[in-house]
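Text of the file work38.cif, holding mmCIF, C-alpha atoms and all ligand atoms:
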data_protein
#
loop_
_atom_site.label_atom_id
_atom_site.label_comp_id
_atom_site.auth_asym_id
_atom_site.auth_seq_id
_atom_site.Cartn_x
_atom_site.Cartn_y
_atom_site.Cartn_z
CA MET A 622 89.91 71.57 82.30
CA ALA A 623 92.49 69.66 84.25
CA THR A 624 94.87 71.73 86.32
CA ALA A 625 98.38 70.67 87.18
CA SER A 626 98.39 72.77 90.31
CA GLY A 627 95.21 71.43 91.93
CA GLY A 628 92.68 73.64 93.69
CA ILE A 629 90.94 74.54 96.90
CA SER A 630 88.58 71.91 98.32
CA GLU A 631 85.23 72.77 99.94
CA ASP A 632 86.72 72.58 103.42
CA GLY A 633 89.39 75.07 102.42
CA GLY A 634 92.25 72.55 102.24
CA VAL A 635 94.52 72.66 99.22
CA HIS A 636 94.40 69.50 97.14
CA ARG A 637 96.80 68.75 94.35
CA ALA A 638 96.05 67.30 90.97
CA VAL A 639 96.39 63.55 90.49
CA ASP A 640 98.87 62.25 87.90
CA LEU A 641 97.55 59.22 86.02
CA VAL A 642 99.21 56.31 84.24
CA VAL A 643 97.13 54.80 81.43
CA PRO A 644 98.50 51.43 80.23
CA VAL A 645 97.88 50.29 76.66
CA LYS A 646 98.96 46.90 75.39
CA THR A 647 100.37 46.56 71.88
CA LEU A 648 97.36 46.59 69.59
CA ASP A 649 97.91 43.18 67.99
CA ARG A 650 97.78 41.51 71.44
CA ALA A 651 95.12 43.66 73.09
CA LYS A 652 91.49 43.03 73.93
CA THR A 653 91.28 39.48 72.61
CA ARG A 654 87.85 39.01 74.19
CA LEU A 655 86.57 41.79 71.92
CA PHE A 656 87.84 40.21 68.74
CA GLY A 657 85.20 40.56 65.99
CA ALA A 658 83.21 43.20 67.89
CA ALA A 659 84.45 45.91 65.55
CA ASP A 660 83.19 44.32 62.36
CA GLY A 661 80.20 42.17 63.18
CA GLY A 662 82.20 39.00 63.80
CA VAL A 663 84.41 39.08 60.69
CA GLY A 664 87.52 39.42 62.85
CA ASP A 665 89.68 41.66 60.68
CA ARG A 666 92.76 42.58 62.73
CA HIS A 667 92.94 46.13 61.38
CA ALA A 668 89.34 46.74 62.42
CA HIS A 669 90.14 45.27 65.84
CA SER A 670 93.21 47.47 66.30
CA ALA A 671 91.20 50.54 65.29
CA LEU A 672 88.60 49.71 67.94
CA VAL A 673 91.18 49.16 70.71
CA LEU A 674 92.88 52.43 69.78
CA ALA A 675 89.57 54.30 69.78
CA LEU A 676 88.68 52.94 73.23
CA ALA A 677 91.99 54.23 74.56
CA ALA A 678 91.71 57.59 72.78
CA ASP A 679 88.24 58.25 74.20
CA THR A 680 89.45 57.27 77.68
CA VAL A 681 92.48 59.54 77.51
CA SER A 682 90.48 62.39 76.04
CA ALA A 683 87.99 62.24 78.94
CA ALA A 684 90.79 61.92 81.52
CA THR A 685 92.59 65.04 80.31
CA ALA A 686 89.32 66.99 80.53
CA ALA A 687 88.62 65.96 84.13
CA GLU A 688 88.99 68.44 86.96
CA GLY A 689 91.69 67.31 89.36
CA VAL A 690 93.79 65.46 86.79
CA GLY A 691 97.34 66.68 86.29
CA ARG A 692 99.65 64.70 84.02
CA VAL A 693 98.36 61.81 81.94
CA LEU A 694 101.09 59.35 80.98
CA VAL A 695 100.30 56.54 78.56
CA VAL A 696 102.62 53.56 78.95
CA SER A 697 102.72 51.60 75.74
CA SER A 698 105.36 50.16 73.44
CA ASP A 699 103.06 50.30 70.40
CA PRO A 700 104.09 53.00 67.87
CA ASP A 701 100.51 53.51 66.62
CA VAL A 702 99.30 54.00 70.17
CA ALA A 703 102.13 56.46 70.82
CA ALA A 704 101.35 58.46 67.65
CA THR A 705 97.58 58.62 68.11
CA LEU A 706 97.48 59.27 71.84
CA GLY A 707 100.50 61.57 71.70
CA ALA A 708 98.59 63.68 69.18
CA LEU A 709 95.92 64.17 71.85
CA GLY A 710 98.51 66.00 73.90
CA VAL A 711 99.35 63.39 76.50
CA GLU A 712 102.77 62.02 77.36
CA VAL A 713 103.70 58.54 76.14
CA ALA A 714 106.47 56.31 77.46
CA PRO A 715 107.44 52.83 76.32
CA GLU A 716 107.17 49.95 78.78
CA GLY A 717 110.16 49.20 80.97
CA PRO A 718 112.17 45.97 80.80
CA GLU A 719 109.67 43.96 82.86
CA PRO A 720 106.65 42.64 80.92
CA GLY A 721 103.00 42.76 81.94
CA LEU A 722 100.31 45.17 83.09
CA ASN A 723 101.39 45.69 86.70
CA ALA A 724 105.01 46.17 85.64
CA ALA A 725 103.91 48.78 83.08
CA LEU A 726 101.95 50.58 85.78
CA ARG A 727 104.83 50.49 88.26
CA HIS A 728 107.11 51.86 85.54
CA GLY A 729 104.70 54.71 84.73
CA ALA A 730 104.15 55.51 88.40
CA ARG A 731 107.93 55.73 88.95
CA LEU A 732 108.23 58.19 86.04
CA LEU A 733 105.43 60.35 87.43
CA ARG A 734 106.76 60.18 91.00
CA ALA A 735 110.08 61.68 89.91
CA SER A 736 108.42 65.09 89.55
CA ASN A 737 105.62 64.52 92.08
CA PRO A 738 107.18 62.94 95.17
CA ASP A 739 104.42 63.89 97.61
CA GLY A 740 101.30 63.79 95.47
CA VAL A 741 98.81 61.17 94.38
CA VAL A 742 99.56 58.96 91.39
CA GLY A 743 96.94 56.71 89.87
CA ALA A 744 96.28 54.03 87.29
CA LEU A 745 93.35 54.37 84.90
CA GLN A 746 92.42 51.50 82.59
CA ALA A 747 92.38 52.41 78.89
CA ASP A 748 89.10 50.72 78.06
CA LEU A 749 86.55 53.23 79.36
CA PRO A 750 85.03 54.66 76.12
CA ALA A 751 81.97 56.14 77.84
CA LEU A 752 84.00 57.92 80.53
CA ARG A 753 82.56 61.29 81.62
CA PRO A 754 85.17 63.74 82.92
CA ALA A 755 82.84 64.80 85.74
CA GLU A 756 82.51 61.21 86.98
CA LEU A 757 86.27 60.73 87.08
CA ALA A 758 86.64 64.08 88.85
CA ALA A 759 84.05 63.04 91.45
CA ALA A 760 85.86 59.78 92.13
CA LEU A 761 89.20 61.57 92.55
CA ALA A 762 87.61 63.99 94.99
CA GLY A 763 85.96 61.09 96.83
CA ALA A 764 89.32 59.51 97.54
CA ALA A 765 90.19 62.58 99.62
CA GLY A 766 93.85 61.74 99.99
CA ARG A 767 93.39 58.05 100.79
CA ARG A 768 94.72 55.06 98.90
CA ALA A 769 91.59 54.09 96.97
CA PHE A 770 90.19 52.18 94.00
CA CYS A 771 87.05 52.05 91.89
CA PRO A 772 85.71 48.59 91.02
CA ASP A 773 84.35 47.80 87.58
CA ARG A 774 80.60 47.39 87.10
CA GLN A 775 80.79 43.65 87.85
CA GLY A 776 82.57 44.44 91.11
CA THR A 777 85.45 42.05 90.43
CA GLY A 778 87.93 44.16 88.45
CA THR A 779 89.40 47.64 88.95
CA THR A 780 89.09 50.66 86.67
CA LEU A 781 90.95 53.25 88.76
CA LEU A 782 93.58 52.87 91.49
CA LEU A 783 94.97 55.82 93.46
CA SER A 784 97.98 55.92 95.76
CA ALA A 785 97.99 57.75 99.05
CA PRO A 786 99.85 61.08 98.75
CA GLY A 787 103.51 60.18 98.28
CA GLY A 788 102.63 56.49 98.61
CA ASP A 789 103.44 53.51 96.46
CA LEU A 790 100.92 52.75 93.67
CA ALA A 791 101.33 49.01 94.37
CA PRO A 792 99.05 47.84 91.53
CA ARG A 793 97.48 44.38 91.77
CA PHE A 794 95.54 44.33 88.51
CA GLY A 795 94.46 41.02 87.06
CA VAL A 796 91.70 38.51 87.80
CA GLY A 797 89.96 39.44 91.07
CA SER A 798 91.81 42.75 91.38
CA ALA A 799 88.96 44.44 93.25
CA GLN A 800 89.36 42.02 96.11
CA ALA A 801 93.13 42.38 96.00
CA HIS A 802 92.97 46.18 96.11
CA ALA A 803 90.30 46.16 98.84
CA GLY A 804 92.92 44.70 101.17
CA ASP A 805 94.62 48.07 101.67
CA ALA A 806 92.62 50.65 99.71
CA VAL A 807 89.28 52.39 100.22
CA THR A 808 86.57 51.32 97.78
CA LEU A 809 85.22 54.26 95.81
CA LEU A 810 81.54 53.84 95.04
CA GLY A 811 79.34 56.58 93.64
CA PRO A 812 77.05 57.48 90.77
CA TRP A 813 79.81 56.93 88.25
CA PRO A 814 78.58 54.33 85.75
CA SER A 815 80.93 55.53 83.02
CA LEU A 816 83.99 55.10 85.25
CA ARG A 817 82.92 51.57 86.13
CA CYS A 818 82.09 50.49 82.57
CA ASP A 819 85.33 48.96 81.30
CA VAL A 820 84.92 47.17 78.00
CA ASP A 821 86.28 43.63 77.88
CA THR A 822 83.50 41.87 75.97
CA ALA A 823 80.83 42.57 73.35
CA GLU A 824 78.29 42.75 76.18
CA ASP A 825 80.35 45.48 77.90
CA LEU A 826 80.41 47.38 74.62
CA VAL A 827 76.60 47.38 74.55
CA MET A 828 76.56 48.73 78.11
CA ALA A 829 79.00 51.49 77.16
CA ARG A 830 76.96 52.33 74.09
CA ASN A 831 73.88 52.71 76.27
CA LEU A 832 75.77 55.19 78.46
CA GLY A 833 76.96 57.15 75.41
CA LEU A 834 80.27 56.36 73.76
CA GLY A 835 83.10 58.74 73.03
CA ARG A 836 83.23 60.02 69.46
CA ARG A 837 86.17 57.91 68.32
CA THR A 838 84.72 54.60 69.44
CA ALA A 839 81.34 55.50 67.98
CA THR A 840 82.96 56.38 64.66
CA VAL A 841 84.86 53.09 64.46
CA LEU A 842 81.66 51.18 65.21
CA GLY A 843 79.64 53.31 62.80
CA VAL A 844 77.07 54.21 65.46
CA SER A 845 75.79 57.41 66.96
CA CYS A 846 77.36 58.44 70.25
CA ALA A 847 74.65 60.87 71.32
CA PRO A 848 74.99 61.92 74.03
CA CYS A 849 78.68 61.66 73.24
CA ALA A 850 81.00 61.07 76.19
CA SER A 851 84.03 62.92 74.83
N1 LIG A 901 101.29 48.65 78.71
C1 LIG A 901 100.57 47.54 78.95
N2 LIG A 901 99.24 47.63 79.11
C2 LIG A 901 98.55 46.48 79.34
C3 LIG A 901 99.16 45.21 79.42
N3 LIG A 901 98.20 44.28 79.66
C4 LIG A 901 97.04 44.93 79.72
N4 LIG A 901 97.23 46.26 79.51
C5 LIG A 901 96.23 47.32 79.50
O1 LIG A 901 95.54 47.25 80.74
C6 LIG A 901 94.16 47.49 80.57
C7 LIG A 901 93.34 46.34 81.11
O2 LIG A 901 93.70 45.16 80.46
P1 LIG A 901 92.64 44.10 80.03
O3 LIG A 901 91.26 44.62 80.16
O4 LIG A 901 92.93 42.82 80.73
O5 LIG A 901 92.97 44.05 78.49
P2 LIG A 901 93.62 42.96 77.57
O6 LIG A 901 94.66 42.15 78.27
O7 LIG A 901 94.05 43.72 76.38
O8 LIG A 901 92.34 42.08 77.19
P3 LIG A 901 92.10 40.51 76.93
O9 LIG A 901 93.05 40.06 75.86
O10 LIG A 901 90.68 40.44 76.45
O11 LIG A 901 92.33 39.82 78.25
C8 LIG A 901 93.96 47.78 79.11
O12 LIG A 901 94.00 49.17 78.98
C9 LIG A 901 95.17 47.14 78.44
O13 LIG A 901 95.55 47.79 77.25
C10 LIG A 901 100.60 45.15 79.23
O14 LIG A 901 101.24 44.09 79.27
N5 LIG A 901 101.25 46.34 78.99
C1 LIG A 902 93.16 43.63 84.57
C2 LIG A 902 91.94 44.01 84.88
O1 LIG A 902 91.10 44.28 83.89
P1 LIG A 902 89.96 43.34 83.30
O2 LIG A 902 89.24 42.73 84.45
O3 LIG A 902 89.19 44.36 82.59
O4 LIG A 902 90.67 42.36 82.43
C3 LIG A 902 91.50 44.29 86.27
O5 LIG A 902 90.34 44.72 86.44
O6 LIG A 902 92.29 44.09 87.18
#
What would the structure in this file look like if it were written as structure tokens?
Amino acid sequence: MATASGGISEDGGVHRAVDLVVPVKTLDRAKTRLFGAADGGVGDRHAHSALVLALAADTVSAATAAEGVGRVLVVSSDPDVAATLGALGVEVAPEGPEPGLNAALRHGARLLRASNPDGVVGALQADLPALRPAELAAALAGAAGRRAFCPDRQGTGTTLLLSAPGGDLAPRFGVGSAQAHAGDAVTLLGPWPSLRCDVDTAEDLVMARNLGLGRRTATVLGVSCAPCAS
């Protein structure tokens, strides 16, 4: 279970838990490349919204179960996202005045920083339905107090970005974000396929299904999740 106070690392140094921002777009605008994936190409918008919400719920559920994670703050202005993810026990804040993904992340990081001025804050994408808590925990430990990021499985995008302790999150998400983050952050690479498997397309969804989906995404798709991720 995640601890807010952190723990003792193998070398005896005290490490503190990482506070994470998870951004979620309003459901009617989100995951356009996945449109139709929830219902075999029919393209019903309710089915699509249910899939996007399930992806986020499985991600958040795995994140809260990961060792080394402290607060999880969802930044979203969608009331359905707020209700469903809030019911999982995480904090939810609406977006700030500035639109867009990086602005939402900066806003969330500022909120977390207020009570964690010296610690690590991070950004975790909300489309990781196969995420294993142990893989996220291993990546957090691998950062070892450095500004760091984990690239997606294609190596071009970013699934996780971590500040240095007390440092600015400075998110540069968007096309080619792995290259942008590599400019001033350590690249985290390890046996963490579930952390790298963000789901943007129907092909990504197949990859995530092969790893083992979380229960909510599997339910929406009407498939088995064994071995279920979360
Ligand atoms: N709060 C917030 N989250 C965002 C915003 N844009 C993207 N996100 C989230 O950031 C993560 C990564 O975004 P993308 O994978 O590009 O998702 P997307 O923009 O919904 O997908 P496409 O429409 O297919 O490009 C997902 O968890 C999105 O929900 C935004 O403007 N505000
Ligand atoms: C915004 C990003 O997500 P994606 O590539 O999944 O759209 C990113 O990786 O920077």
Within 9 Å of stretch 728-730 of chain A, counting only C-alpha atoms, which residues qualify if same-chain residues fewer than 3 places away don't, as a PyMOL selection string?
chain A and resi 640-644+694-696+714+716-717+719+723-725+733-735+742-744+789-790
Mind dumping the selected residues with C-alpha atoms as a short mmCIF file (atom, residue, chain, number, x, y, z; two decimals), in the coordinates of the input?
data_model
loop_
_atom_site.label_atom_id
_atom_site.label_comp_id
_atom_site.auth_asym_id
_atom_site.auth_seq_id
_atom_site.Cartn_x
_atom_site.Cartn_y
_atom_site.Cartn_z
CA ASP A 640 98.87 62.25 87.90
CA LEU A 641 97.55 59.22 86.02
CA VAL A 642 99.21 56.31 84.24
CA VAL A 643 97.13 54.80 81.43
CA PRO A 644 98.50 51.43 80.23
CA LEU A 694 101.09 59.35 80.98
CA VAL A 695 100.30 56.54 78.56
CA VAL A 696 102.62 53.56 78.95
CA ALA A 714 106.47 56.31 77.46
CA GLU A 716 107.17 49.95 78.78
CA GLY A 717 110.16 49.20 80.97
CA GLU A 719 109.67 43.96 82.86
CA ASN A 723 101.39 45.69 86.70
CA ALA A 724 105.01 46.17 85.64
CA ALA A 725 103.91 48.78 83.08
CA LEU A 733 105.43 60.35 87.43
CA ARG A 734 106.76 60.18 91.00
CA ALA A 735 110.08 61.68 89.91
CA VAL A 742 99.56 58.96 91.39
CA GLY A 743 96.94 56.71 89.87
CA ALA A 744 96.28 54.03 87.29
CA ASP A 789 103.44 53.51 96.46
CA LEU A 790 100.92 52.75 93.67
#
Residue among A:Val827, A:Val645, A:Val681, A:Leu842 lying closest to A:Ala708, counting all atoms listed in the file
A:Val681
Would you name the residues within 10 Å of ligand LIG 902 (chain A), counting all atoms listed in the file, and put them as a count of residues only?
35
Of the candidates A:Asp699, A:Asp679, A:Asp665, A:Glu756, which shows the shortest atom-to-atom distance to ligand LIG 901 (chain A), using only C-alpha atoms and all ligand atoms?
A:Asp699
Residue nearest A:Ala758 - candidates A:Ala671, A:Leu809, A:Ala850, A:Val690, atoms counted: only C-alpha atoms:
A:Val690
Test item: residues at most 10 Å from stretch 831-833 of chain A, all atoms listed in the file, excluding those fewer than 5 positions along its chain, as a PyMOL selection string:
chain A and resi 750-753+814-815+818+825-826+839+845-851
Now that the selection is made, can you save its residues with C-alpha atoms as a JSON list (two decimals), in the frame of the given file?
[["chain", "number", "residue", "atom", "x", "y", "z"],
["A", 750, "PRO", "CA", 85.03, 54.66, 76.12],
["A", 751, "ALA", "CA", 81.97, 56.14, 77.84],
["A", 752, "LEU", "CA", 84.00, 57.92, 80.53],
["A", 753, "ARG", "CA", 82.56, 61.29, 81.62],
["A", 814, "PRO", "CA", 78.58, 54.33, 85.75],
["A", 815, "SER", "CA", 80.93, 55.53, 83.02],
["A", 818, "CYS", "CA", 82.09, 50.49, 82.57],
["A", 825, "ASP", "CA", 80.35, 45.48, 77.90],
["A", 826, "LEU", "CA", 80.41, 47.38, 74.62],
["A", 839, "ALA", "CA", 81.34, 55.50, 67.98],
["A", 845, "SER", "CA", 75.79, 57.41, 66.96],
["A", 846, "CYS", "CA", 77.36, 58.44, 70.25],
["A", 847, "ALA", "CA", 74.65, 60.87, 71.32],
["A", 848, "PRO", "CA", 74.99, 61.92, 74.03],
["A", 849, "CYS", "CA", 78.68, 61.66, 73.24],
["A", 850, "ALA", "CA", 81.00, 61.07, 76.19],
["A", 851, "SER", "CA", 84.03, 62.92, 74.83]]
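One finds atom CA of A:Leu745 at 19.3 Å from atom CA of A:Leu655.
Across A:Leu726, A:Ala651, A:Ala684, A:Ala678, the tightest approach to A:Arg666 is made by A:Ala651 when counting only C-alpha atoms.
Here atom CA of A:Ala687 stands at a distance of 20.6 Å from atom O13 of ligand LIG 901 (chain A).
Closest approach to ligand LIG 901 (chain A) among A:Arg731, A:Lys646, A:His669, A:Arg692 is made by A:Lys646 (distances from only C-alpha atoms and all ligand atoms).
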Nearest to ligand LIG 901 (chain A) by atom-to-atom distance, counting all atoms listed in the file, from A:Arg727, A:Arg637, A:His667, A:Arg767:
A:Arg727
Please report, as AutoDock Vina command-line options, the centre and edge lengths in Å to one decimal of an axis-aligned box covering all listed atoms of stretch 638-655 of chain A with 6 Å per side.
--center_x 93.5 --center_y 53.2 --center_z 79.5 --size_x 25.8 --size_y 40.3 --size_z 35.0
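In this structure, atom CA of A:Ala791 sits 14.2 Å away from atom CA of A:Leu732.
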